[in-house]
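Enquirer: Below is the file target-v2.cif, which contains mmCIF, C-alpha atoms.
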data_target
#
loop_
_atom_site.label_atom_id
_atom_site.label_comp_id
_atom_site.auth_asym_id
_atom_site.auth_seq_id
_atom_site.Cartn_x
_atom_site.Cartn_y
_atom_site.Cartn_z
CA MET A 1171 -9.75 23.86 -36.10
CA THR A 1172 -12.60 23.49 -33.59
CA THR A 1173 -15.71 21.71 -34.78
CA LEU A 1174 -18.82 22.96 -33.06
CA PRO A 1175 -21.32 20.32 -31.98
CA LYS A 1176 -24.36 20.06 -34.22
CA PRO A 1177 -27.50 21.49 -32.60
CA ARG A 1178 -29.95 18.87 -31.39
CA GLN A 1179 -32.39 17.70 -34.05
CA PRO A 1180 -35.71 15.87 -33.95
CA GLU A 1181 -35.22 12.11 -33.95
CA LEU A 1182 -37.85 9.98 -35.68
CA LYS A 1183 -37.36 6.27 -35.02
CA THR A 1184 -40.65 5.10 -36.54
CA ALA A 1185 -43.19 6.22 -39.07
CA LEU A 1186 -45.78 8.52 -37.49
CA PRO A 1187 -47.75 7.25 -35.74
CA GLY A 1188 -45.58 4.49 -34.34
CA PRO A 1189 -47.16 1.20 -33.20
CA ASN A 1190 -47.43 2.15 -29.51
CA THR A 1191 -48.92 5.52 -30.38
CA ALA A 1192 -51.43 3.93 -32.75
CA ALA A 1193 -52.50 1.44 -30.09
CA ILE A 1194 -53.03 4.11 -27.44
CA MET A 1195 -54.90 6.33 -29.87
CA GLU A 1196 -57.24 3.44 -30.63
CA ARG A 1197 -57.94 2.98 -26.92
CA ASP A 1198 -58.37 6.74 -26.61
CA ARG A 1199 -61.00 6.77 -29.37
CA ALA A 1200 -62.87 3.95 -27.64
CA HIS A 1201 -63.03 5.44 -24.16
CA LEU A 1202 -62.59 9.22 -24.16
CA SER A 1203 -65.02 11.95 -25.14
CA THR A 1204 -65.89 12.28 -28.81
CA SER A 1205 -65.33 16.03 -28.47
CA TYR A 1206 -61.52 15.73 -28.37
CA MET A 1207 -59.96 16.75 -31.69
CA ARG A 1208 -56.63 14.87 -31.91
CA PRO A 1209 -55.18 16.72 -34.94
CA TYR A 1210 -51.80 14.95 -34.79
CA PRO A 1211 -50.94 11.30 -34.06
CA PHE A 1212 -48.62 11.92 -31.11
CA VAL A 1213 -48.71 10.41 -27.61
CA PRO A 1214 -46.05 11.99 -25.37
CA GLU A 1215 -44.19 9.90 -22.81
CA ARG A 1216 -41.63 12.34 -21.44
CA GLY A 1217 -40.31 15.82 -22.03
CA GLU A 1218 -37.12 17.76 -21.49
CA GLY A 1219 -36.93 21.48 -22.14
CA VAL A 1220 -38.32 22.16 -25.63
CA TRP A 1221 -38.25 18.49 -26.62
CA LEU A 1222 -41.02 15.90 -26.29
CA THR A 1223 -40.55 12.15 -26.82
CA ASP A 1224 -43.49 9.90 -27.63
CA VAL A 1225 -44.22 6.34 -26.54
CA ASP A 1226 -42.35 5.02 -29.60
CA GLY A 1227 -39.18 6.95 -28.87
CA ASN A 1228 -39.73 9.69 -31.47
CA THR A 1229 -38.41 13.04 -30.21
CA MET A 1230 -40.04 16.23 -31.49
CA LEU A 1231 -39.18 19.93 -31.18
CA ASP A 1232 -42.04 21.69 -29.39
CA PHE A 1233 -43.16 24.90 -31.11
CA PHE A 1234 -46.59 25.10 -29.45
CA ALA A 1235 -46.05 24.40 -25.71
CA GLY A 1236 -49.46 22.85 -25.11
CA ILE A 1237 -51.17 25.96 -26.56
CA ALA A 1238 -48.83 28.49 -24.93
CA VAL A 1239 -48.96 26.76 -21.54
CA SER A 1240 -45.53 25.20 -20.91
CA THR A 1241 -43.78 28.51 -20.24
CA THR A 1242 -40.63 26.97 -18.77
CA GLY A 1243 -40.57 23.94 -21.04
CA HIS A 1244 -41.02 20.34 -19.98
CA ALA A 1245 -39.88 19.08 -16.57
CA HIS A 1246 -37.97 22.25 -15.71
CA PRO A 1247 -35.94 21.34 -12.63
CA HIS A 1248 -36.85 24.52 -10.75
CA VAL A 1249 -40.58 23.97 -11.34
CA VAL A 1250 -40.30 20.26 -10.51
CA LYS A 1251 -38.51 21.11 -7.24
CA GLY A 1252 -41.18 23.64 -6.25
CA VAL A 1253 -44.00 21.19 -6.95
CA GLN A 1254 -42.29 18.33 -5.11
CA GLU A 1255 -41.64 20.45 -2.05
CA GLN A 1256 -45.26 21.59 -1.87
CA VAL A 1257 -46.69 18.09 -2.42
CA ALA A 1258 -44.66 16.93 0.55
CA LYS A 1259 -46.33 19.61 2.73
CA PHE A 1260 -50.01 19.48 1.70
CA THR A 1261 -51.91 19.30 -1.59
CA HIS A 1262 -55.25 20.88 -0.75
CA VAL A 1263 -57.06 22.81 1.97
CA CYS A 1264 -59.49 25.02 -0.05
CA LEU A 1265 -58.50 28.62 -0.52
CA THR A 1266 -62.14 29.75 -0.41
CA ASP A 1267 -62.21 28.88 3.30
CA TYR A 1268 -58.61 28.99 4.52
CA PRO A 1269 -55.89 31.49 3.55
CA GLN A 1270 -52.52 30.01 2.61
CA GLU A 1271 -49.19 31.81 2.52
CA ILE A 1272 -48.21 30.32 -0.82
CA THR A 1273 -51.26 31.81 -2.58
CA THR A 1274 -51.12 35.09 -0.63
CA SER A 1275 -47.52 35.64 -1.70
CA LEU A 1276 -48.39 34.61 -5.27
CA ALA A 1277 -51.13 37.25 -5.40
CA GLU A 1278 -48.67 39.81 -4.08
CA ARG A 1279 -46.22 38.94 -6.85
CA LEU A 1280 -48.84 39.08 -9.61
CA VAL A 1281 -50.32 42.45 -8.68
CA LYS A 1282 -46.87 44.05 -8.60
CA HIS A 1283 -46.80 43.61 -12.37
CA VAL A 1284 -49.97 45.65 -12.92
CA GLU A 1285 -50.38 48.09 -10.03
CA LYS A 1286 -49.64 51.75 -10.59
CA PRO A 1287 -49.01 54.35 -7.85
CA GLY A 1288 -52.17 54.84 -5.80
CA GLU A 1289 -53.93 51.91 -7.51
CA LYS A 1290 -54.37 48.70 -5.55
CA TRP A 1291 -55.31 45.40 -7.19
CA ARG A 1292 -56.68 42.08 -5.89
CA VAL A 1293 -56.61 38.48 -7.17
CA PHE A 1294 -59.17 35.67 -7.34
CA PHE A 1295 -57.67 32.27 -8.22
CA SER A 1296 -59.43 29.72 -10.43
CA ASN A 1297 -58.47 26.45 -12.14
CA SER A 1298 -58.46 27.68 -15.75
CA GLY A 1299 -58.80 30.57 -18.13
CA ALA A 1300 -62.46 29.84 -18.82
CA GLU A 1301 -63.20 30.00 -15.08
CA ALA A 1302 -61.33 33.31 -14.83
CA VAL A 1303 -63.45 34.68 -17.68
CA GLU A 1304 -66.67 33.49 -16.03
CA ALA A 1305 -65.57 35.23 -12.84
CA ALA A 1306 -64.75 38.42 -14.77
CA VAL A 1307 -68.26 38.56 -16.23
CA LYS A 1308 -69.83 38.00 -12.82
CA LEU A 1309 -67.64 40.66 -11.24
CA ALA A 1310 -68.30 43.26 -13.95
CA ARG A 1311 -72.06 42.72 -13.78
CA ASN A 1312 -72.08 42.79 -9.99
CA HIS A 1313 -69.93 45.89 -9.74
CA THR A 1314 -71.72 47.96 -12.37
CA GLY A 1315 -75.28 46.73 -11.85
CA ARG A 1316 -75.46 46.35 -15.64
CA GLN A 1317 -75.91 43.21 -17.74
CA HIS A 1318 -74.61 43.55 -21.30
CA ILE A 1319 -71.14 42.35 -22.33
CA ILE A 1320 -69.39 43.22 -25.62
CA SER A 1321 -66.83 40.80 -27.06
CA THR A 1322 -65.07 40.58 -30.42
CA MET A 1323 -65.29 38.41 -33.51
CA GLY A 1324 -62.46 35.91 -33.75
CA SER A 1325 -62.04 35.83 -29.98
CA PHE A 1326 -61.60 32.78 -27.79
CA HIS A 1327 -62.51 33.02 -24.11
CA GLY A 1328 -63.22 29.38 -23.23
CA ARG A 1329 -65.85 26.67 -23.56
CA THR A 1330 -67.96 26.98 -20.40
CA TYR A 1331 -71.35 28.60 -20.95
CA GLY A 1332 -70.52 32.24 -20.30
CA ALA A 1333 -67.10 31.97 -21.90
CA ILE A 1334 -68.42 30.18 -24.99
CA THR A 1335 -71.01 32.92 -25.46
CA LEU A 1336 -68.22 35.50 -25.49
CA THR A 1337 -66.09 33.39 -27.86
CA GLY A 1338 -66.34 34.50 -31.49
CA SER A 1339 -63.86 32.29 -33.33
CA LYS A 1340 -65.77 29.16 -34.44
CA THR A 1341 -69.46 28.30 -34.62
CA LYS A 1342 -68.73 24.66 -33.75
CA TYR A 1343 -68.14 25.74 -30.16
CA LYS A 1344 -71.76 26.93 -29.94
CA ARG A 1345 -73.77 24.77 -32.34
CA GLY A 1346 -76.26 22.63 -30.45
CA PHE A 1347 -75.53 24.09 -27.02
CA GLY A 1348 -78.02 26.98 -26.81
CA PRO A 1349 -79.49 28.93 -25.26
CA LEU A 1350 -76.30 30.68 -24.24
CA LEU A 1351 -75.61 33.63 -21.95
CA PRO A 1352 -78.03 36.50 -22.67
CA ALA A 1353 -77.05 40.12 -23.30
CA VAL A 1354 -73.82 39.54 -25.26
CA SER A 1355 -72.81 41.33 -28.49
CA HIS A 1356 -69.81 40.94 -30.78
CA VAL A 1357 -67.92 43.60 -32.74
CA PRO A 1358 -65.05 43.18 -35.24
CA TYR A 1359 -61.46 42.84 -34.00
CA PRO A 1360 -59.09 45.30 -35.69
CA ASN A 1361 -56.88 43.04 -37.81
CA PRO A 1362 -54.41 45.20 -39.78
CA PHE A 1363 -53.86 42.40 -42.32
CA ARG A 1364 -57.59 42.06 -42.98
CA PRO A 1365 -59.08 45.42 -41.95
CA PRO A 1366 -62.79 45.22 -41.07
CA LEU A 1367 -65.60 47.67 -41.83
CA GLY A 1368 -64.05 48.93 -45.06
CA SER A 1369 -61.09 50.41 -43.17
CA THR A 1370 -57.34 50.33 -43.82
CA PRO A 1371 -54.50 48.82 -41.76
CA GLU A 1372 -53.87 52.26 -40.29
CA THR A 1373 -57.50 53.10 -39.52
CA CYS A 1374 -59.01 49.73 -38.54
CA GLY A 1375 -58.72 50.40 -34.81
CA GLN A 1376 -60.59 53.68 -35.04
CA ALA A 1377 -63.15 52.06 -37.33
CA VAL A 1378 -64.02 49.46 -34.69
CA LEU A 1379 -64.28 52.14 -32.00
CA ALA A 1380 -66.62 54.18 -34.22
CA HIS A 1381 -68.68 51.04 -34.84
CA ILE A 1382 -69.14 50.53 -31.09
CA GLU A 1383 -70.23 54.14 -30.67
CA GLU A 1384 -72.75 53.62 -33.49
CA LEU A 1385 -74.18 50.64 -31.58
CA PHE A 1386 -74.67 52.91 -28.59
CA VAL A 1387 -76.70 55.35 -30.71
CA GLY A 1388 -79.27 53.03 -32.23
CA ILE A 1389 -79.03 49.49 -30.89
CA LEU A 1390 -77.42 49.05 -27.48
CA PRO A 1391 -77.73 51.61 -24.67
CA ALA A 1392 -74.23 52.33 -23.38
CA ASP A 1393 -75.51 52.63 -19.82
CA GLU A 1394 -76.60 48.98 -19.92
CA VAL A 1395 -73.12 47.70 -20.88
CA ALA A 1396 -71.20 46.24 -17.94
CA ALA A 1397 -67.96 45.42 -19.76
CA ILE A 1398 -66.06 45.08 -22.98
CA ILE A 1399 -63.79 42.02 -23.03
CA VAL A 1400 -60.96 41.84 -25.54
CA GLU A 1401 -57.73 39.97 -26.10
CA PRO A 1402 -55.02 42.66 -26.31
CA MET A 1403 -53.39 40.33 -28.83
CA GLN A 1404 -55.88 37.87 -30.30
CA GLY A 1405 -54.95 34.19 -30.01
CA GLU A 1406 -57.32 31.62 -31.51
CA GLY A 1407 -58.49 34.16 -34.07
CA GLY A 1408 -55.08 34.19 -35.75
CA TYR A 1409 -52.35 35.60 -33.45
CA ILE A 1410 -53.26 39.17 -34.32
CA VAL A 1411 -51.64 42.33 -32.95
CA PRO A 1412 -54.03 45.31 -33.15
CA PRO A 1413 -52.96 48.81 -34.24
CA ALA A 1414 -51.29 50.85 -31.51
CA ASP A 1415 -54.20 53.27 -31.08
CA PHE A 1416 -56.94 50.67 -30.55
CA LEU A 1417 -56.56 49.68 -26.90
CA PRO A 1418 -56.00 53.25 -25.64
CA GLY A 1419 -59.05 54.29 -27.67
CA LEU A 1420 -61.06 51.46 -26.14
CA ARG A 1421 -59.99 52.60 -22.68
CA ALA A 1422 -61.22 56.13 -23.43
CA LEU A 1423 -64.51 54.80 -24.77
CA CYS A 1424 -65.07 52.70 -21.64
CA ASP A 1425 -64.25 55.64 -19.37
CA LYS A 1426 -66.67 57.83 -21.28
CA HIS A 1427 -69.56 55.41 -20.71
CA GLY A 1428 -68.69 53.93 -17.32
CA ILE A 1429 -67.90 50.50 -18.80
CA MET A 1430 -65.44 47.99 -17.30
CA LEU A 1431 -62.53 47.09 -19.61
CA ILE A 1432 -61.52 43.42 -19.35
CA PHE A 1433 -58.30 42.19 -20.95
CA ASP A 1434 -58.17 38.44 -21.59
CA GLU A 1435 -54.47 37.62 -21.24
CA VAL A 1436 -54.94 33.87 -21.00
CA GLN A 1437 -52.94 33.06 -24.15
CA ALA A 1438 -50.73 36.09 -24.77
CA GLY A 1439 -49.85 36.83 -21.14
CA MET A 1440 -47.20 35.59 -18.70
CA GLY A 1441 -44.12 36.81 -20.54
CA ARG A 1442 -44.91 35.32 -23.93
CA THR A 1443 -44.77 38.61 -25.83
CA GLY A 1444 -41.68 39.85 -24.00
CA LYS A 1445 -43.65 41.60 -21.27
CA MET A 1446 -45.57 40.03 -18.40
CA PHE A 1447 -48.88 40.93 -20.08
CA SER A 1448 -49.40 41.74 -23.74
CA PHE A 1449 -51.38 44.92 -23.02
CA GLN A 1450 -48.19 46.38 -21.55
CA HIS A 1451 -46.93 46.97 -25.08
CA PHE A 1452 -49.58 49.70 -25.25
CA ASP A 1453 -50.12 52.78 -23.07
CA VAL A 1454 -53.28 51.50 -21.39
CA GLN A 1455 -54.57 50.03 -18.14
CA PRO A 1456 -57.65 47.74 -17.85
CA ASP A 1457 -60.02 47.29 -14.92
CA ILE A 1458 -59.93 43.49 -14.94
CA ILE A 1459 -57.42 40.93 -16.27
CA THR A 1460 -57.90 37.21 -16.84
CA SER A 1461 -54.85 34.95 -16.85
CA ALA A 1462 -54.11 31.21 -17.00
CA LYS A 1463 -52.24 28.91 -19.42
CA GLY A 1464 -48.59 29.93 -18.94
CA ILE A 1465 -49.10 31.11 -15.37
CA ALA A 1466 -47.97 27.80 -13.82
CA SER A 1467 -46.02 25.96 -16.53
CA GLY A 1468 -48.69 23.32 -17.08
CA MET A 1469 -50.26 23.02 -13.63
CA PRO A 1470 -53.98 23.96 -13.62
CA LEU A 1471 -54.27 27.55 -12.41
CA GLY A 1472 -56.14 30.64 -13.51
CA ALA A 1473 -56.26 34.13 -12.05
CA LEU A 1474 -58.66 37.03 -12.14
CA LEU A 1475 -56.89 40.30 -11.38
CA ALA A 1476 -59.01 43.39 -10.72
CA LYS A 1477 -58.63 46.85 -9.32
CA ASP A 1478 -59.48 47.02 -5.64
CA SER A 1479 -62.14 49.61 -6.50
CA VAL A 1480 -63.78 47.06 -8.83
CA MET A 1481 -63.51 43.85 -6.79
CA THR A 1482 -66.48 44.78 -4.62
CA TRP A 1483 -68.53 41.56 -4.71
CA PRO A 1484 -69.79 40.40 -1.29
CA VAL A 1485 -68.20 37.72 0.88
CA GLY A 1486 -69.25 34.27 -0.32
CA SER A 1487 -70.65 35.48 -3.64
CA HIS A 1488 -67.94 33.65 -5.62
CA GLY A 1489 -65.54 30.85 -4.81
CA SER A 1490 -63.82 27.68 -6.00
CA THR A 1491 -63.04 24.35 -4.34
CA TYR A 1492 -59.74 23.84 -6.14
CA GLY A 1493 -58.92 27.34 -7.38
CA GLY A 1494 -55.53 28.48 -6.08
CA ASN A 1495 -54.45 24.92 -5.32
CA PRO A 1496 -51.16 25.13 -3.38
CA VAL A 1497 -49.30 22.74 -5.71
CA ALA A 1498 -50.29 24.82 -8.74
CA ALA A 1499 -49.35 27.95 -6.79
CA ALA A 1500 -45.89 26.50 -6.14
CA ALA A 1501 -45.47 25.90 -9.88
CA SER A 1502 -46.56 29.48 -10.53
CA HIS A 1503 -44.01 30.86 -8.05
CA ALA A 1504 -41.29 28.86 -9.80
CA THR A 1505 -42.51 30.08 -13.19
CA LEU A 1506 -42.41 33.69 -12.02
CA ASP A 1507 -38.90 33.14 -10.67
CA LEU A 1508 -37.77 32.35 -14.21
CA LEU A 1509 -39.89 35.02 -15.89
CA GLU A 1510 -38.65 37.72 -13.56
CA GLY A 1511 -35.04 36.54 -13.62
CA VAL A 1512 -34.89 35.62 -9.93
CA ILE A 1513 -33.71 32.27 -11.25
CA LYS A 1514 -31.88 32.33 -14.58
CA HIS A 1515 -32.25 29.58 -17.14
CA PRO A 1516 -28.96 28.69 -18.87
CA GLY A 1517 -28.63 30.36 -22.25
CA CYS A 1518 -31.68 32.58 -21.80
CA GLY A 1519 -30.14 35.83 -20.57
CA ASP A 1520 -31.48 37.85 -17.67
CA SER A 1521 -34.99 36.39 -17.71
CA LEU A 1522 -37.37 34.32 -19.81
CA MET A 1523 -39.24 37.50 -20.77
CA THR A 1524 -36.03 38.92 -22.19
CA ASN A 1525 -35.35 35.65 -23.99
CA ALA A 1526 -38.86 35.59 -25.46
CA SER A 1527 -38.32 39.04 -26.90
CA LEU A 1528 -34.86 38.35 -28.36
CA VAL A 1529 -35.60 34.89 -29.79
CA GLY A 1530 -38.98 36.09 -31.02
CA ASP A 1531 -37.32 38.95 -32.91
CA TYR A 1532 -34.97 36.45 -34.52
CA ILE A 1533 -37.81 34.14 -35.61
CA MET A 1534 -39.85 37.06 -36.94
CA ALA A 1535 -36.92 38.35 -38.99
CA GLU A 1536 -36.27 34.91 -40.46
CA LEU A 1537 -39.93 34.35 -41.33
CA LYS A 1538 -40.22 37.82 -42.87
CA GLY A 1539 -37.27 36.88 -45.05
CA MET A 1540 -39.09 33.73 -46.19
CA GLN A 1541 -42.02 35.79 -47.45
CA ALA A 1542 -40.00 36.89 -50.47
CA GLU A 1543 -39.36 33.26 -51.42
CA PHE A 1544 -42.84 31.96 -50.63
CA PRO A 1545 -45.63 34.23 -51.90
CA PHE A 1546 -48.28 32.10 -50.18
CA LEU A 1547 -47.00 33.49 -46.86
CA GLY A 1548 -49.36 36.41 -46.70
CA ASP A 1549 -48.47 37.74 -43.28
CA VAL A 1550 -46.01 37.20 -40.47
CA ARG A 1551 -47.03 38.94 -37.26
CA GLY A 1552 -46.68 38.89 -33.50
CA ARG A 1553 -44.56 39.93 -30.54
CA GLY A 1554 -41.99 37.85 -28.70
CA LEU A 1555 -42.83 34.14 -28.93
CA PHE A 1556 -46.42 34.86 -29.92
CA ILE A 1557 -46.16 34.61 -33.71
CA GLY A 1558 -48.68 33.90 -36.44
CA LEU A 1559 -47.92 32.79 -40.00
CA GLU A 1560 -50.88 33.27 -42.36
CA PHE A 1561 -51.20 31.29 -45.62
CA VAL A 1562 -52.98 32.88 -48.58
CA LYS A 1563 -54.23 32.00 -52.04
CA PRO A 1564 -53.00 33.97 -55.09
CA ASP A 1565 -55.95 36.34 -54.68
CA GLY A 1566 -54.96 37.05 -51.07
CA SER A 1567 -57.82 35.13 -49.43
CA PRO A 1568 -57.03 32.70 -46.59
CA ASP A 1569 -55.74 29.29 -47.71
CA GLY A 1570 -56.68 26.95 -44.90
CA ALA A 1571 -56.07 23.84 -46.98
CA LEU A 1572 -52.47 24.84 -47.70
CA ARG A 1573 -51.96 25.73 -44.04
CA ASP A 1574 -53.20 22.28 -43.04
CA ARG A 1575 -50.80 20.59 -45.48
CA ALA A 1576 -47.91 22.66 -44.19
CA SER A 1577 -48.75 21.99 -40.56
CA MET A 1578 -48.92 18.22 -41.04
CA ALA A 1579 -45.73 18.19 -43.12
CA MET A 1580 -43.89 20.06 -40.36
CA PHE A 1581 -45.18 17.57 -37.81
CA GLU A 1582 -43.98 14.66 -39.95
CA LYS A 1583 -40.51 16.26 -39.95
CA GLY A 1584 -40.45 16.45 -36.16
CA LEU A 1585 -41.88 19.90 -35.40
CA LEU A 1586 -44.89 20.11 -33.09
CA ASN A 1587 -47.07 23.05 -34.08
CA LEU A 1588 -50.72 24.09 -34.02
CA ASP A 1589 -53.04 26.08 -36.28
CA CYS A 1590 -55.38 28.94 -35.45
CA GLY A 1591 -57.63 31.33 -37.34
CA GLU A 1592 -58.73 30.46 -40.86
CA ALA A 1593 -55.27 29.80 -42.26
CA VAL A 1594 -52.62 30.50 -39.61
CA ILE A 1595 -49.89 28.41 -38.00
CA ARG A 1596 -49.12 29.73 -34.54
CA ILE A 1597 -45.61 29.67 -33.12
CA SER A 1598 -45.82 29.58 -29.34
CA PRO A 1599 -42.90 27.53 -28.01
CA PRO A 1600 -41.70 27.35 -24.41
CA LEU A 1601 -39.98 30.60 -23.44
CA ILE A 1602 -36.72 28.75 -22.79
CA LEU A 1603 -36.29 28.26 -26.56
CA THR A 1604 -32.78 29.28 -27.59
CA LYS A 1605 -31.78 30.88 -30.87
CA GLU A 1606 -30.08 27.62 -31.89
CA GLU A 1607 -33.23 25.59 -31.19
CA ALA A 1608 -35.30 28.19 -33.00
CA ALA A 1609 -32.99 27.85 -36.02
CA THR A 1610 -33.64 24.10 -36.05
CA GLY A 1611 -37.38 24.69 -36.14
CA LEU A 1612 -37.05 27.33 -38.82
CA GLU A 1613 -35.08 24.96 -41.03
CA ILE A 1614 -37.90 22.42 -40.78
CA MET A 1615 -40.39 25.12 -41.69
CA ARG A 1616 -38.28 26.32 -44.62
CA ALA A 1617 -37.86 22.78 -45.97
CA THR A 1618 -41.62 22.25 -45.72
CA LEU A 1619 -42.45 25.51 -47.47
CA ARG A 1620 -40.10 24.66 -50.33
CA GLU A 1621 -41.97 21.42 -50.87
CA LEU A 1622 -45.22 23.39 -51.12
CA LYS A 1623 -44.00 25.82 -53.79
#
Go through the file and emit its structure as C-alpha cells.
Expert:
Amino acid sequence: MTTLPKPRQPELKTALPGPNTAAIMERDRAHLSTSYMRPYPFVPERGEGVWLTDVDGNTMLDFFAGIAVSTTGHAHPHVVKGVQEQVAKFTHVCLTDYPQEITTSLAERLVKHVEKPGEKWRVFFSNSGAEAVEAAVKLARNHTGRQHIISTMGSFHGRTYGAITLTGSKTKYKRGFGPLLPAVSHVPYPNPFRPPLGSTPETCGQAVLAHIEELFVGILPADEVAAIIVEPMQGEGGYIVPPADFLPGLRALCDKHGIMLIFDEVQAGMGRTGKMFSFQHFDVQPDIITSAKGIASGMPLGALLAKDSVMTWPVGSHGSTYGGNPVAAAASHATLDLLEGVIKHPGCGDSLMTNASLVGDYIMAELKGMQAEFPFLGDVRGRGLFIGLEFVKPDGSPDGALRDRASMAMFEKGLLNLDCGEAVIRISPPLILTKEEAATGLEIMRATLRELK
C-alpha cells in the first residue's frame, strides 16, 4: 500500500507575533508613517511559491498575494531570472525620453489581449494603479473636451488626489484631505447580494443604468461627462461580480452620450478571474483600461491601455520618470509567459489563467458547501481566484465584527488573508495555487468557522 505524502501545512514555531517580529514592528511604529494600517503582526523574511516565512521562522499559506499582486507567487524562478538578466543590462533610462525594446514588446503583448479586428490600442506605462487611473482621467478629459467623471460607490481607484476622489469605498481615505478633484459624481454599484435602489438581484444592473439616465435629465448634463469609470468586478468594495447585463448596458449608455468607458482592472485583471481581464467575462469592450498589481508579480508597474482613436493627447502632455522601468517590464514579460502558457508552471496545467479558473471553481464549490453548515456565511461570490466571503448577522445585515474575528483566527492558524467591504474576507492567492494547497487553506477556514458557530 502506497502512502501519499501529506500536503504541506503552515508551520508556526512561535506565538504570533514572535519576538523578532514584535521587535521590528516596534521599530516600524517608531519610524514609519502613521498612515500604515498593519492589521496582522507578520514580518516576512522570505517566500517560496504560495508560502511566506516570517523573521521568526513561522511559515504561512498566502491567500491574499499582497492584495492580488503576487501573480506567480513568491520568488518564482522564471520571474527572478528575467529580473536578474535585466538588472545586469541596465536598470533605468526613462521611457518618456528613450524608447526601449523591452517596454515596446511588452506593450505589443498587452494590446494583443484587448484589440479586436480593425481596432488598434496603445499603452502608457506608470508605476502603479493609482497613477494609471490619474492618467485615464487626464486622457478622457483631454480627448472629449469635457470635465465630469462618474464613479461608483464602494469603488477603490487609489489614494492620489484624482484617484481618491473617484474612490467610493471608505470615507477615511478622504477625511481631512479636501478639496478634492472637482466634477466627480458617484452612483451605486450593482451588487446582486445587496441590490441598490430598491431593485432585485436580477434587475439591479438596469436600476443603476436608469439612475444614471435620471441624473442626465435633472442634475448632470450628459454632454459634460467625459467618462464613467467602473471596476468590472469590484475589489475593495467586497469582491462583487455585477449582473451580466450591466457592463453591456453601460457601454450602450456611454455610446449614446459620447462618454468614454474606463474599466479599472487593477485588482481583478491579469488572469485572476480566469481571463486576462475581468471584463472579458462579459460581451463588452471599453475605451480605456487601467492595470497594475498583478501585471509584474510584485515589481512596481502600472499600465494605461486605450484605443488608438482615444489616445490623442499631445506629445509631452503626460509622462513619468520611472513608469515602464525596464526591470519591472522584465518581470511583466515573465509574468505574461506564465499567464499565457508560454512557460508552464508545474502542476498548473496549460497556463496560470487556466489554473486560476479550475482552482477557483474548486474553492467556490467548497465554500458554497460550507454555507449550509454556517448560516453566518451570507454570500460566496467571485470568478477564478477572485473570491469574496461575506459574513452576516441573523437579520442578514453585514457582520464586520464576526468577519474580523474570523480573519484573525485564520491568521493565527497560519493562513494569510485580508478583508474588504463591510464584512468580507477576500480570497486572492497567487495564481500558482494548486488544488492541494487550496484544500489546506480551506481546512483552516472550515476549522475557524466551526469555532465561531
Enquirer: With all atoms listed in the file as the counted atoms, please give the residues lying no more than 8 Å from region 1548-1563 of chain A, apart from itself and same-chain residues fewer than 6 positions off, as a ChimeraX atom specification.
Expert: /A:1363,1408-1411,1438,1442-1444,1526-1531,1534,1537-1538,1541,1569-1570,1572-1573,1593-1599,1601
Enquirer: With all atoms listed in the file as the counted atoms, please give the residues lying no more than 8 Å from region 1261-1276 of chain A, apart from itself and same-chain residues fewer than 5 positions off, as a ChimeraX atom specification.
Expert: /A:1256,1489-1497,1499-1500,1502-1503
Enquirer: Which residue gives the smallest distance to His1283 (chain A) among A:Gly1338, A:Gly1441, A:Gly1243, A:Gly1464, with only C-alpha atoms counted?
Expert: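 Of the candidates, the smallest distance to His1283 (chain A) is held by A:Gly1441.
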Enquirer: Report the residues retrieved by the PyMOL selection byres ((chain A and resi 1238) around 7) from the displayed file, expressed as a list in words.
Expert: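 The output of the PyMOL selection byres ((chain A and resi 1238) around 7) on this file is Phe1234, Ala1235, Gly1236, Ile1237, Val1239, Ser1240, Thr1241, Gln1437, Lys1463, Gly1464, Ser1598 and Pro1599 of chain A.
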Enquirer: With C-alpha atoms retained, export the selected residues as an mmCIF file, in the frame of the given file.
Expert:
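Below is the file selection.cif, written as the result:
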data_model
loop_
_atom_site.group_PDB
_atom_site.id
_atom_site.type_symbol
_atom_site.label_atom_id
_atom_site.label_comp_id
_atom_site.auth_asym_id
_atom_site.auth_seq_id
_atom_site.Cartn_x
_atom_site.Cartn_y
_atom_site.Cartn_z
ATOM 1 C CA PHE A 1234 -46.590 25.100 -29.450
ATOM 2 C CA ALA A 1235 -46.050 24.400 -25.710
ATOM 3 C CA GLY A 1236 -49.460 22.850 -25.110
ATOM 4 C CA ILE A 1237 -51.170 25.960 -26.560
ATOM 5 C CA VAL A 1239 -48.960 26.760 -21.540
ATOM 6 C CA SER A 1240 -45.530 25.200 -20.910
ATOM 7 C CA THR A 1241 -43.780 28.510 -20.240
ATOM 8 C CA GLN A 1437 -52.940 33.060 -24.150
ATOM 9 C CA LYS A 1463 -52.240 28.910 -19.420
ATOM 10 C CA GLY A 1464 -48.590 29.930 -18.940
ATOM 11 C CA SER A 1598 -45.820 29.580 -29.340
ATOM 12 C CA PRO A 1599 -42.900 27.530 -28.010
#
Enquirer: How close does each residue of region 1255-1347 of chain A get to region 1412-1430 of chain A, giving the shortest atom pair and distance in Å to one decimal for every residue with an atom at most 12 Å away, counting all atoms listed in the file, sorted by chain and residue number, as a tab-separated table?
Expert:
residue	atom	partner	partner_atom	distance
A:Ala1306	CA	A:Met1430	CA	9.9
A:Val1307	CA	A:Met1430	CA	9.9
A:Lys1308	CA	A:Met1430	CA	11.8
A:Leu1309	CA	A:Met1430	CA	9.8
A:Ala1310	CA	A:Met1430	CA	6.5
A:Arg1311	CA	A:Met1430	CA	9.2
A:Asn1312	CA	A:Met1430	CA	11.2
A:His1313	CA	A:Met1430	CA	9.0
A:Thr1314	CA	A:Ile1429	CA	7.9
A:Gly1315	CA	A:Ile1429	CA	10.8
A:Arg1316	CA	A:Ile1429	CA	9.2
A:Gln1317	CA	A:Ile1429	CA	10.9
A:His1318	CA	A:Ile1429	CA	10.0
A:Ile1319	CA	A:Ile1429	CA	9.5
A:Ile1320	CA	A:Ile1429	CA	10.1
Enquirer: Could you write out the selected residues, including C-alpha atoms, as a compact mmCIF listing (two decimals), in the frame of the given file?
Expert:
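What ended up in again_7.txt:
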# COMPACT_ATOMS: atom_id res chain seq x y z
CA ALA A 1306 -64.75 38.42 -14.77
CA VAL A 1307 -68.26 38.56 -16.23
CA LYS A 1308 -69.83 38.00 -12.82
CA LEU A 1309 -67.64 40.66 -11.24
CA ALA A 1310 -68.30 43.26 -13.95
CA ARG A 1311 -72.06 42.72 -13.78
CA ASN A 1312 -72.08 42.79 -9.99
CA HIS A 1313 -69.93 45.89 -9.74
CA THR A 1314 -71.72 47.96 -12.37
CA GLY A 1315 -75.28 46.73 -11.85
CA ARG A 1316 -75.46 46.35 -15.64
CA GLN A 1317 -75.91 43.21 -17.74
CA HIS A 1318 -74.61 43.55 -21.30
CA ILE A 1319 -71.14 42.35 -22.33
CA ILE A 1320 -69.39 43.22 -25.62
